Protein chains: 2
Amino acid sequence: MKTGSSAIDRLVAQLSKLPGVGEKTARRFAFHILNAPEAYAEELAGAIIDIRRRTRLCSLCCNVTEEDPCDICRSSHRDGQVVCVVERPTDVLAIDKTGEYRGLYHVLHGVISPLDGIGPDDIKLAPLLARLRDSSIREVIVATNPSVNGEATATYIHRLVAPLGIQVTRIALGIPVGADIEFADKVTLGRALAQRRPI
Amino acid sequence: MKTGSSAIDRLVAQLSKLPGVGEKTARRFAFHILNAPEAYAEELAGAIIDIRRRTRLCSLCCNVTEEDPCDICRSSHRDGQVVCVVERPTDVLAIDKTGEYRGLYHVLHGVISPLDGIGPDDIKLAPLLARLRDSSIREVIVATNPSVNGEATATYIHRLVAPLGIQVTRIALGIPVGADIEFADKVTLGRALAQRRPI
């Protein structure tokens with residue numbers, strides 16, 4: 001549905017490309033920007049340009065950062081012997097927020113996905129191996145998503161890393177805390193049973 | 001939750017101001033912009049700046065437009081004797097999309113809302129009256145929202161416009177098409193009964 005203003009239509013088209021944003025929501029955003037104080041549009045546009053200009057990937061862990069190496073890699077308060085391998089920078093935030101983990105990270109920026117034409121060379125596996133070769137790292141925790149591709153990537157990493165004499169572990173899969181066993185899907189419930197542990 | 005990059009945090013803060021967008025969604029948007037092709041960030045930022053720079057209000061109907069008067073006011077295919085009064089530019093789009101209306105519009109940019117300190121002078125009522133005084137308009141359809149303030153504004157407009165010898169009508173309120181009478185709220189159902197009409 002055209003608004004009659006090409007400037008609005010153009011912004012709606014750009015906003016519609018954001019994840020989960022349809023045309024209706026995009027139009028709502030566009031009119032919000034139009035009606036907001038003038039400074040808001042400028043600040044928002046500036047922040048969008050800045051995020052591309054000021055960030056890069058950490059040369060150690062491949063996480064998004066403004067300084068290289070990133071805060072986490074530079075920190076002296078972290079356990080430098082453990083690396084948690086994740087798919088996305090947002091996974092680093094989620095895991096760090098738990099407070100259960102104080103080691104380092106490695107961001108793959110994807111998983112191996114043959115059907116989508118994504119092979120081992122298309123994700124940040126080479127930097128991970130280079131990093132593991134000359135380091136004191138003794139454990140790699142693979143925290144890719146429990147999807148088909150995430151599991152395959154975990155297996156692939158195990159095969160690459162185990163020969164280096166480094167332990168490779170996988171995050172536990174099971175019933176989410178607070179969930180109902182009755183409504184758990186059978187694959188998850190099966191995993192939770194198979195991976196049961198003594199109390 | 002901070003990402004460790006002030007550029008990302010700043011964009012997340014700006015995106016969080018969009019309607020219905022919380023911090024988590026804003027972060028998802030920010031990482032999407034970060035991972036999208038470079039041209040996207042520039043096009044999005046450009047479109048945001050442009051929407052403020054290139055649009056203004058139509059001097060006749062107060063709708064957002066790039067050219068003054070706007071497309072609708074300039075059109076020779078519309079019934080220039082009817083004006084539909086709405087709250088927002090998006091209401092114009094919604095009504096025009098029905099295909100049931102081919103008259104002109106007038107955008108109030110709000111409704112009278114004493115509790116929020118918004119009086120008749122804070123919305124585009126004066127331009128409406130000026131427009132009605134020297135024109136061939138014979139009907140004003142008030143299509144403000146069926147809220148307390150929308151109804152009050154409709155009554156206010158009726159009081160102003162009726163003395164000019166112009167008919168003032170209100171859009172019908174009732175059961176939405178396809179809805180279940182069983183689950184309709186009692187106010188809507190009451191209106192639908194009161195405004196019943198012969199088949």
# chains A, B, ... in the order shown; residues from 1 in each chain; ligands from 1
$ closest_atom_pairs --of "chain B" --to "chain A" --cutoff "9 Å" --atoms "only C-alpha atoms" --output "Markdown table"
| residue | atom | partner | partner_atom | distance |
| --- | --- | --- | --- | --- |
| B:Met1 | CA | A:Leu93 | CA | 7.7 |
| B:Lys2 | CA | A:Leu93 | CA | 8.1 |
| B:Thr3 | CA | A:Leu93 | CA | 6.7 |
| B:Gly4 | CA | A:Asp71 | CA | 7.0 |
| B:Ser5 | CA | A:Thr65 | CA | 5.9 |
| B:Ser6 | CA | A:Glu66 | CA | 8.0 |
| B:Ala7 | CA | A:Ile51 | CA | 5.2 |
| B:Ile8 | CA | A:Ile51 | CA | 5.9 |
| B:Arg10 | CA | A:Ala47 | CA | 6.4 |
| B:Leu11 | CA | A:Ala47 | CA | 5.0 |
| B:Val12 | CA | A:Ala47 | CA | 8.8 |
| B:Gln14 | CA | A:Leu44 | CA | 5.6 |
| B:Leu15 | CA | A:Leu44 | CA | 7.2 |
| B:Leu18 | CA | A:Phe29 | CA | 6.0 |
| B:Pro19 | CA | A:Phe29 | CA | 6.6 |
| B:Thr25 | CA | A:Pro19 | CA | 8.9 |
| B:Arg27 | CA | A:Thr90 | CA | 8.2 |
| B:Arg28 | CA | A:Pro19 | CA | 7.5 |
| B:Phe29 | CA | A:Leu18 | CA | 6.0 |
| B:Ala30 | CA | A:Ile48 | CA | 8.0 |
| B:Phe31 | CA | A:Thr90 | CA | 8.0 |
| B:His32 | CA | A:Leu18 | CA | 6.9 |
| B:Ile33 | CA | A:Ile48 | CA | 7.5 |
| B:Leu34 | CA | A:Arg52 | CA | 6.0 |
| B:Asn35 | CA | A:Arg52 | CA | 8.9 |
| B:Glu38 | CA | A:Arg52 | CA | 7.4 |
| B:Tyr40 | CA | A:Gln14 | CA | 7.8 |
| B:Ala41 | CA | A:Ile48 | CA | 6.0 |
| B:Glu42 | CA | A:Ile49 | CA | 6.4 |
| B:Glu43 | CA | A:Gln14 | CA | 7.3 |
| B:Leu44 | CA | A:Gln14 | CA | 5.6 |
| B:Ala45 | CA | A:Ala45 | CA | 4.3 |
| B:Gly46 | CA | A:Ala45 | CA | 7.2 |
| B:Ala47 | CA | A:Leu11 | CA | 5.0 |
| B:Ile48 | CA | A:Ala41 | CA | 6.1 |
| B:Ile49 | CA | A:Ala41 | CA | 6.2 |
| B:Asp50 | CA | A:Ala7 | CA | 6.3 |
| B:Ile51 | CA | A:Ala7 | CA | 5.2 |
| B:Arg52 | CA | A:Leu34 | CA | 6.0 |
| B:Arg53 | CA | A:Ala7 | CA | 9.0 |
| B:Arg54 | CA | A:Ala7 | CA | 6.7 |
| B:Thr55 | CA | A:Ala7 | CA | 7.3 |
| B:Val64 | CA | A:Ser5 | CA | 7.8 |
| B:Thr65 | CA | A:Ser5 | CA | 5.8 |
| B:Glu66 | CA | A:Ser5 | CA | 5.9 |
| B:Glu67 | CA | A:Ser5 | CA | 8.5 |
| B:Cys70 | CA | A:Gly4 | CA | 8.3 |
| B:Asp71 | CA | A:Gly4 | CA | 6.9 |
| B:Ile72 | CA | A:Gly4 | CA | 8.7 |
| B:Pro89 | CA | A:Phe31 | CA | 8.3 |
| B:Thr90 | CA | A:Phe31 | CA | 8.0 |
| B:Val92 | CA | A:Thr3 | CA | 8.9 |
| B:Leu93 | CA | A:Thr3 | CA | 6.6 |
| B:Lys97 | CA | A:Met1 | CA | 7.8 |
$ write_last_selection --atoms "N, CA and C atoms" --output "short mmCIF file (atom, residue, chain, number, x, y, z; two decimals), in the first residue's frame"
data_model
loop_
_atom_site.label_atom_id
_atom_site.label_comp_id
_atom_site.auth_asym_id
_atom_site.auth_seq_id
_atom_site.Cartn_x
_atom_site.Cartn_y
_atom_site.Cartn_z
N MET B 1 21.08 -4.90 29.30
CA MET B 1 22.28 -5.73 29.09
C MET B 1 23.18 -5.04 28.07
N LYS B 2 24.38 -4.70 28.46
CA LYS B 2 25.31 -4.00 27.58
C LYS B 2 26.03 -5.00 26.68
N THR B 3 26.33 -4.58 25.47
CA THR B 3 26.99 -5.48 24.54
C THR B 3 28.51 -5.33 24.60
N GLY B 4 28.99 -4.29 25.27
CA GLY B 4 30.43 -4.06 25.32
C GLY B 4 30.88 -3.14 24.20
N SER B 5 29.96 -2.81 23.28
CA SER B 5 30.27 -1.85 22.22
C SER B 5 29.33 -0.68 22.39
N SER B 6 29.87 0.52 22.57
CA SER B 6 28.99 1.67 22.79
C SER B 6 28.23 2.00 21.51
N ALA B 7 28.80 1.69 20.33
CA ALA B 7 28.09 1.96 19.08
C ALA B 7 26.84 1.10 19.00
N ILE B 8 26.96 -0.18 19.37
CA ILE B 8 25.79 -1.05 19.35
C ILE B 8 24.79 -0.61 20.41
N ARG B 10 24.29 2.26 21.63
CA ARG B 10 23.63 3.51 21.25
C ARG B 10 22.53 3.24 20.22
N LEU B 11 22.81 2.36 19.26
CA LEU B 11 21.78 2.04 18.26
C LEU B 11 20.62 1.30 18.91
N VAL B 12 20.94 0.39 19.84
CA VAL B 12 19.88 -0.34 20.54
C VAL B 12 18.98 0.64 21.29
N GLN B 14 18.40 3.78 20.59
CA GLN B 14 17.57 4.55 19.65
C GLN B 14 16.45 3.70 19.07
N LEU B 15 16.78 2.44 18.73
CA LEU B 15 15.76 1.57 18.15
C LEU B 15 14.68 1.21 19.17
N LEU B 18 11.30 3.02 19.15
CA LEU B 18 10.26 2.76 18.16
C LEU B 18 9.07 2.10 18.85
N PRO B 19 7.86 2.34 18.37
CA PRO B 19 6.68 1.81 19.08
C PRO B 19 6.66 0.28 19.10
N THR B 25 14.27 -6.92 20.98
CA THR B 25 13.99 -6.73 19.55
C THR B 25 14.96 -5.71 18.96
N ARG B 27 17.94 -5.10 19.89
CA ARG B 27 19.25 -5.71 19.72
C ARG B 27 19.26 -6.60 18.48
N ARG B 28 18.12 -7.29 18.26
CA ARG B 28 18.02 -8.13 17.07
C ARG B 28 18.12 -7.27 15.81
N PHE B 29 17.44 -6.13 15.82
CA PHE B 29 17.51 -5.21 14.68
C PHE B 29 18.95 -4.74 14.48
N ALA B 30 19.61 -4.35 15.60
CA ALA B 30 20.96 -3.79 15.51
C ALA B 30 21.93 -4.81 14.90
N PHE B 31 21.84 -6.06 15.35
CA PHE B 31 22.75 -7.07 14.78
C PHE B 31 22.39 -7.39 13.34
N HIS B 32 21.11 -7.26 13.02
CA HIS B 32 20.72 -7.46 11.62
C HIS B 32 21.36 -6.38 10.75
N ILE B 33 21.31 -5.14 11.21
CA ILE B 33 21.90 -4.03 10.45
C ILE B 33 23.41 -4.24 10.33
N LEU B 34 24.00 -4.73 11.42
CA LEU B 34 25.44 -4.97 11.43
C LEU B 34 25.84 -6.05 10.43
N ASN B 35 25.00 -7.07 10.29
CA ASN B 35 25.35 -8.19 9.43
C ASN B 35 24.87 -8.03 7.99
N GLU B 38 26.71 -3.70 3.48
CA GLU B 38 26.99 -2.33 3.91
C GLU B 38 25.99 -1.32 3.36
N TYR B 40 22.94 -1.48 2.97
CA TYR B 40 21.66 -1.40 3.68
C TYR B 40 21.67 -0.33 4.76
N ALA B 41 22.73 -0.32 5.58
CA ALA B 41 22.81 0.66 6.66
C ALA B 41 22.74 2.08 6.09
N GLU B 42 23.43 2.29 4.97
CA GLU B 42 23.44 3.63 4.37
C GLU B 42 22.07 4.00 3.81
N GLU B 43 21.42 3.02 3.16
CA GLU B 43 20.11 3.32 2.59
C GLU B 43 19.08 3.59 3.68
N LEU B 44 19.16 2.78 4.76
CA LEU B 44 18.22 2.96 5.86
C LEU B 44 18.42 4.32 6.51
N ALA B 45 19.68 4.66 6.81
CA ALA B 45 19.98 5.94 7.45
C ALA B 45 19.55 7.09 6.54
N GLY B 46 19.82 6.95 5.24
CA GLY B 46 19.44 7.99 4.28
C GLY B 46 17.94 8.17 4.23
N ALA B 47 17.21 7.05 4.26
CA ALA B 47 15.75 7.12 4.19
C ALA B 47 15.17 7.78 5.43
N ILE B 48 15.82 7.56 6.58
CA ILE B 48 15.35 8.17 7.83
C ILE B 48 15.53 9.68 7.80
N ILE B 49 16.68 10.11 7.30
CA ILE B 49 16.94 11.55 7.20
C ILE B 49 15.99 12.18 6.18
N ASP B 50 15.81 11.49 5.06
CA ASP B 50 14.98 11.99 3.96
C ASP B 50 13.53 12.20 4.35
N ILE B 51 13.01 11.28 5.17
CA ILE B 51 11.59 11.36 5.49
C ILE B 51 11.29 12.66 6.22
N ARG B 52 12.25 13.13 7.01
CA ARG B 52 12.05 14.40 7.70
C ARG B 52 12.27 15.57 6.76
N ARG B 53 13.21 15.41 5.85
CA ARG B 53 13.60 16.54 5.01
C ARG B 53 12.62 16.77 3.88
N ARG B 54 12.09 15.66 3.33
CA ARG B 54 11.31 15.80 2.10
C ARG B 54 9.81 15.89 2.30
N THR B 55 9.34 15.61 3.51
CA THR B 55 7.90 15.66 3.69
C THR B 55 7.47 16.90 4.46
N VAL B 64 0.44 14.24 5.44
CA VAL B 64 1.87 14.29 5.13
C VAL B 64 2.04 14.15 3.63
N THR B 65 2.85 15.00 3.03
CA THR B 65 3.01 14.97 1.59
C THR B 65 4.38 15.49 1.19
N GLU B 66 4.79 15.19 -0.04
CA GLU B 66 6.03 15.77 -0.56
C GLU B 66 5.74 16.99 -1.42
N GLU B 67 4.54 17.01 -2.02
CA GLU B 67 4.16 18.15 -2.84
C GLU B 67 2.93 18.78 -2.24
N CYS B 70 -1.35 18.01 -1.71
CA CYS B 70 -1.02 16.60 -1.86
C CYS B 70 -1.76 15.96 -3.04
N ASP B 71 -1.37 14.76 -3.38
CA ASP B 71 -1.98 14.02 -4.51
C ASP B 71 -3.50 13.98 -4.42
N ILE B 72 -4.01 13.69 -3.22
CA ILE B 72 -5.45 13.53 -3.06
C ILE B 72 -6.17 14.87 -3.28
N PRO B 89 -2.34 10.30 9.58
CA PRO B 89 -2.12 10.01 8.16
C PRO B 89 -2.36 8.53 7.83
N THR B 90 -2.03 7.64 8.76
CA THR B 90 -2.23 6.21 8.49
C THR B 90 -3.72 5.86 8.35
N VAL B 92 -5.84 7.69 6.76
CA VAL B 92 -6.15 7.99 5.36
C VAL B 92 -5.86 6.76 4.50
N LEU B 93 -4.71 6.15 4.74
CA LEU B 93 -4.33 4.95 3.98
C LEU B 93 -5.35 3.84 4.18
N LYS B 97 -7.88 2.44 1.27
CA LYS B 97 -7.70 1.05 0.84
C LYS B 97 -9.03 0.30 0.73
#
$ select_by_dssp --residues "chain A" --states "strand (DSSP E)" --output "tab-separated table (two decimals) with C-alpha atoms, in the first residue's frame"
chain	number	residue	atom	x	y	z
A	56	ARG	CA	34.87	-4.79	13.63
A	57	LEU	CA	35.52	-8.42	14.56
A	64	VAL	CA	31.85	-7.81	17.32
A	65	THR	CA	33.93	-5.17	19.06
A	79	ASP	CA	39.49	-18.18	32.81
A	80	GLY	CA	41.75	-18.25	29.75
A	81	GLN	CA	41.73	-22.06	29.65
A	82	VAL	CA	38.12	-22.48	28.52
A	83	VAL	CA	36.55	-21.32	25.25
A	84	CYS	CA	32.81	-21.39	24.61
A	85	VAL	CA	32.01	-21.64	20.90
A	86	VAL	CA	28.76	-19.95	19.83
A	103	GLY	CA	35.78	-18.19	30.37
A	104	LEU	CA	36.45	-16.92	26.85
A	105	TYR	CA	34.29	-17.14	23.73
A	106	HIS	CA	34.59	-17.83	20.05
A	107	VAL	CA	31.92	-16.61	17.62
A	139	GLU	CA	38.45	-27.18	27.13
A	140	VAL	CA	36.17	-26.14	24.27
A	141	ILE	CA	32.47	-25.94	25.15
A	142	VAL	CA	30.36	-26.10	22.01
A	167	GLN	CA	38.62	-31.63	25.74
A	168	VAL	CA	35.46	-30.86	23.74
A	169	THR	CA	32.14	-30.65	25.62
A	170	ARG	CA	28.59	-29.85	24.52
$ closest_residue --among "A:Cys73, A:Ala192, A:Ile175, A:Val111" --to "Ala143 of chain A" --atoms "only C-alpha atoms"
A:Val111
$ select_by_dssp --residues "chain A" --states "helix (DSSP H, G or I)" --output "ChimeraX atom specification"
/A:6-15,23-35,38-54,71-74,89-98,114-116,120-122,125-133,148-164,181-183,186-194
$ write_last_selection --atoms "C-alpha atoms" --output "compact mmCIF listing (two decimals), in the first residue's frame"
# COMPACT_ATOMS: atom_id res chain seq x y z
CA SER A 6 8.08 8.29 -2.08
CA ALA A 7 10.21 9.31 0.93
CA ILE A 8 7.85 7.46 3.28
CA ASP A 9 7.53 4.48 0.91
CA ARG A 10 11.30 4.24 0.67
CA LEU A 11 11.73 4.23 4.45
CA VAL A 12 8.93 1.68 4.83
CA ALA A 13 10.68 -0.56 2.29
CA GLN A 14 13.98 -0.31 4.18
CA LEU A 15 12.39 -0.89 7.59
CA GLU A 23 4.85 -3.60 5.99
CA LYS A 24 2.31 -2.52 8.58
CA THR A 25 4.84 -2.36 11.42
CA ALA A 26 7.34 -0.64 9.12
CA ARG A 27 4.75 2.02 8.33
CA ARG A 28 4.09 2.47 12.04
CA PHE A 29 7.84 2.94 12.63
CA ALA A 30 8.08 5.38 9.70
CA PHE A 31 5.28 7.60 10.99
CA HIS A 32 6.76 7.43 14.47
CA ILE A 33 10.07 8.71 13.10
CA LEU A 34 8.19 11.38 11.16
CA ASN A 35 6.33 12.58 14.25
CA GLU A 38 13.72 16.17 14.73
CA ALA A 39 16.77 15.17 16.76
CA TYR A 40 15.54 11.58 16.96
CA ALA A 41 15.75 10.93 13.21
CA GLU A 42 19.26 12.32 13.15
CA GLU A 43 20.40 10.34 16.17
CA LEU A 44 18.91 7.13 14.82
CA ALA A 45 20.45 7.61 11.37
CA GLY A 46 23.80 8.49 12.95
CA ALA A 47 23.74 5.40 15.16
CA ILE A 48 22.99 3.19 12.15
CA ILE A 49 25.94 4.57 10.21
CA ASP A 50 28.17 4.40 13.29
CA ILE A 51 27.49 0.76 14.04
CA ARG A 52 28.99 -0.18 10.69
CA ARG A 53 31.85 2.28 10.90
CA ARG A 54 32.99 1.76 14.47
CA ASP A 71 36.90 -6.52 26.27
CA ILE A 72 36.40 -10.22 27.04
CA CYS A 73 39.63 -11.37 25.38
CA ARG A 74 41.60 -8.61 27.13
CA PRO A 89 27.43 -12.39 19.05
CA THR A 90 24.00 -12.32 20.75
CA ASP A 91 24.71 -15.81 22.13
CA VAL A 92 27.75 -14.39 23.95
CA LEU A 93 25.46 -11.87 25.66
CA ALA A 94 22.93 -14.55 26.61
CA ILE A 95 25.54 -16.90 28.07
CA ASP A 96 27.44 -14.16 29.89
CA LYS A 97 24.20 -12.98 31.44
CA THR A 98 23.76 -16.36 33.21
CA PRO A 114 25.36 -27.93 3.38
CA LEU A 115 21.82 -27.31 2.13
CA ASP A 116 22.43 -23.56 2.25
CA PRO A 120 33.42 -25.10 7.19
CA ASP A 121 35.35 -22.36 5.38
CA ASP A 122 32.36 -20.00 5.43
CA LEU A 125 36.49 -22.16 12.22
CA ALA A 126 40.03 -21.47 10.94
CA PRO A 127 40.59 -18.65 13.46
CA LEU A 128 39.36 -20.98 16.22
CA LEU A 129 41.87 -23.68 15.28
CA ALA A 130 44.72 -21.19 14.92
CA ARG A 131 43.85 -19.86 18.35
CA LEU A 132 43.71 -23.31 19.94
CA ARG A 133 47.04 -24.42 18.48
CA VAL A 148 20.44 -30.27 12.92
CA ASN A 149 23.12 -27.89 11.64
CA GLY A 150 24.18 -26.86 15.14
CA GLU A 151 24.65 -30.52 16.14
CA ALA A 152 26.54 -31.31 12.94
CA THR A 153 28.82 -28.33 13.52
CA ALA A 154 29.44 -29.48 17.11
CA THR A 155 30.44 -32.93 15.84
CA TYR A 156 32.68 -31.34 13.21
CA ILE A 157 34.41 -29.18 15.83
CA HIS A 158 34.91 -32.21 18.05
CA ARG A 159 36.62 -34.01 15.20
CA LEU A 160 38.95 -31.06 14.53
CA VAL A 161 39.78 -30.16 18.11
CA ALA A 162 40.05 -33.51 19.91
CA PRO A 163 43.31 -34.45 18.10
CA LEU A 164 44.90 -31.32 19.63
CA ILE A 181 7.32 -32.47 31.26
CA GLU A 182 3.83 -33.26 29.96
CA PHE A 183 4.22 -30.73 27.18
CA LYS A 186 9.56 -36.12 22.61
CA VAL A 187 13.05 -35.41 21.24
CA THR A 188 13.84 -33.08 24.14
CA LEU A 189 12.35 -35.50 26.66
CA GLY A 190 14.34 -38.36 25.12
CA ARG A 191 17.54 -36.34 25.46
CA ALA A 192 16.71 -35.41 29.05
CA LEU A 193 16.26 -39.11 29.91
CA ALA A 194 19.38 -40.26 28.06
$ closest_residue --among "A:Pro176, A:Gly99, A:Gly165, A:Gly110" --to "Ser136 of chain A" --atoms "only C-alpha atoms"
A:Gly165
$ atom_distance --atom1 "atom CA of Cys61 of chain B" --atom2 "atom CA of Ile118 of chain B"
20.1 Å
